[in-house]
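Novice: Structure below; questions to follow.
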Amino acid sequence: MERVVLYRCPLTFMRGEWHGCHAVQKALEEQGIDHEVRTAPMRKSRRTDVVAASGQAMVPVIEFADGTGYRAEGK
């Protein structure tokens, strides 16, 4: 499997299951999926990479090797 990119919020110190970005990152790690973590800017208006990957500015977003993106609530 090729490497995927996880766009997550910049609040990387939040590490509870209640935090969607952390929950998705933890799930990728637990399943052994090779991934790169990119923190998205706090301001949604500056999340151009996230919008390019998924069509919207909410995180978390997983971008696959073919350039398609997947966005859903991490919880």
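By order of appearance in the structure tokens: chains A, B, ..., then residues from 1 within every chain, and ligands from 1 in the order shown.
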Write out as a PDB file with N, CA and C atoms, in the first residue's frame each polymer residue whose atoms come within 8 Å of segment 37-49 of chain A, counting only C-alpha atoms; drop sequence neighbours fewer than 4 positions from it.
Specialist:
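Now in around27.pdb:
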ATOM      1  N   VAL A   5      -1.598  10.617   3.232  1.00  0.00           N
ATOM      2  CA  VAL A   5      -1.331  11.839   3.983  1.00  0.00           C
ATOM      3  C   VAL A   5      -2.534  12.114   4.874  1.00  0.00           C
ATOM      4  N   LEU A   6      -2.282  12.352   6.142  1.00  0.00           N
ATOM      5  CA  LEU A   6      -3.329  12.734   7.074  1.00  0.00           C
ATOM      6  C   LEU A   6      -3.187  14.218   7.367  1.00  0.00           C
ATOM      7  N   TYR A   7      -4.197  14.984   6.985  1.00  0.00           N
ATOM      8  CA  TYR A   7      -4.255  16.395   7.366  1.00  0.00           C
ATOM      9  C   TYR A   7      -5.024  16.467   8.671  1.00  0.00           C
ATOM     10  N   ARG A   8      -4.415  17.039   9.672  1.00  0.00           N
ATOM     11  CA  ARG A   8      -5.055  17.141  10.971  1.00  0.00           C
ATOM     12  C   ARG A   8      -4.894  18.553  11.513  1.00  0.00           C
ATOM     13  N   CYS A   9      -5.597  18.858  12.571  1.00  0.00           N
ATOM     14  CA  CYS A   9      -5.526  20.191  13.168  1.00  0.00           C
ATOM     15  C   CYS A   9      -4.162  20.390  13.824  1.00  0.00           C
ATOM     16  N   PRO A  10      -3.781  21.633  14.098  1.00  0.00           N
ATOM     17  CA  PRO A  10      -2.482  21.887  14.715  1.00  0.00           C
ATOM     18  C   PRO A  10      -2.445  21.604  16.219  1.00  0.00           C
ATOM     19  N   ALA A  53      -7.482  18.603  -1.462  1.00  0.00           N
ATOM     20  CA  ALA A  53      -7.590  17.152  -1.285  1.00  0.00           C
ATOM     21  C   ALA A  53      -9.035  16.678  -1.144  1.00  0.00           C
ATOM     22  N   ALA A  57     -12.829  22.493   3.979  1.00  0.00           N
ATOM     23  CA  ALA A  57     -11.740  22.896   4.863  1.00  0.00           C
ATOM     24  C   ALA A  57     -11.720  22.207   6.223  1.00  0.00           C
ATOM     25  N   MET A  58     -12.609  21.276   6.477  1.00  0.00           N
ATOM     26  CA  MET A  58     -12.635  20.589   7.773  1.00  0.00           C
ATOM     27  C   MET A  58     -11.580  19.489   7.813  1.00  0.00           C
ATOM     28  N   VAL A  59     -11.054  19.218   9.003  1.00  0.00           N
ATOM     29  CA  VAL A  59     -10.105  18.134   9.222  1.00  0.00           C
ATOM     30  C   VAL A  59     -10.678  17.198  10.278  1.00  0.00           C
TER      31      VAL A  59
END
Novice: Which parts of chain A does DSSP call helix (DSSP H, G or I) when run on the backbone here, written out as a list in words?
Specialist: Gly20, Cys21, His22, Ala23, Val24, Gln25, Lys26, Ala27, Leu28, Glu29, Glu30, Lys44, Ser45, Arg46, Thr48, Asp49, Val50, Val51, Ala52, Ala53 and Ser54 of chain A
Novice: I'd like the neighbourhood of Glu36 of chain A as a VMD selection string, where a residue qualifies if any of its atoms comes within 12 Å (using only C-alpha atoms), though same-chain residues fewer than 3 positions away should be ignored.
Specialist: chain A and resid 2 to 8 25 28 to 29 33 39 61 to 65
Novice: One decimal, in Å: what's the spacing between atom CA of Asp66 of chain A and atom CA of Val51 of chain A?
Specialist: 15.7 Å
Novice: Of the residues A:Val50, A:Ala72, A:Gly67, A:Gly55, which is the one nearest to Val24 of chain A, using only C-alpha atoms?
Specialist: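 Looking at the shortest contact to Val24 of chain A, the residue is A:Ala72.
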Novice: Using DSSP on the backbone coordinates, identify all residues within chain A classified as strand (DSSP E); present the result as number ranges by chain.
Specialist: A: 4-8, 35-39, 61-63, 69-71
Novice: Go ahead and save the residues from that selection, with C-alpha atoms, as a short mmCIF file (atom, residue, chain, number, x, y, z; two decimals), in the first residue's frame.
Specialist:
data_model
loop_
_atom_site.label_atom_id
_atom_site.label_comp_id
_atom_site.auth_asym_id
_atom_site.auth_seq_id
_atom_site.Cartn_x
_atom_site.Cartn_y
_atom_site.Cartn_z
CA VAL A 4 -1.29 8.31 2.58
CA VAL A 5 -1.33 11.84 3.98
CA LEU A 6 -3.33 12.73 7.07
CA TYR A 7 -4.25 16.40 7.37
CA ARG A 8 -5.05 17.14 10.97
CA HIS A 35 1.18 7.74 6.57
CA GLU A 36 2.55 11.26 6.71
CA VAL A 37 1.00 13.76 9.12
CA ARG A 38 0.55 17.33 7.93
CA THR A 39 -0.89 19.86 10.32
CA VAL A 61 -8.78 14.42 5.92
CA ILE A 62 -6.98 11.43 4.49
CA GLU A 63 -5.41 11.97 1.06
CA GLY A 69 -9.39 12.63 -0.34
CA TYR A 70 -11.67 11.21 2.33
CA ARG A 71 -13.29 13.27 5.05
#
Novice: Just the number, please: distance in Å from atom CA of Ala52 of chain A to atom CA of Cys21 of chain A, one decimal.
Specialist: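 According to the coordinates, atom CA of Ala52 of chain A and atom CA of Cys21 of chain A are separated by 18.4 Å.
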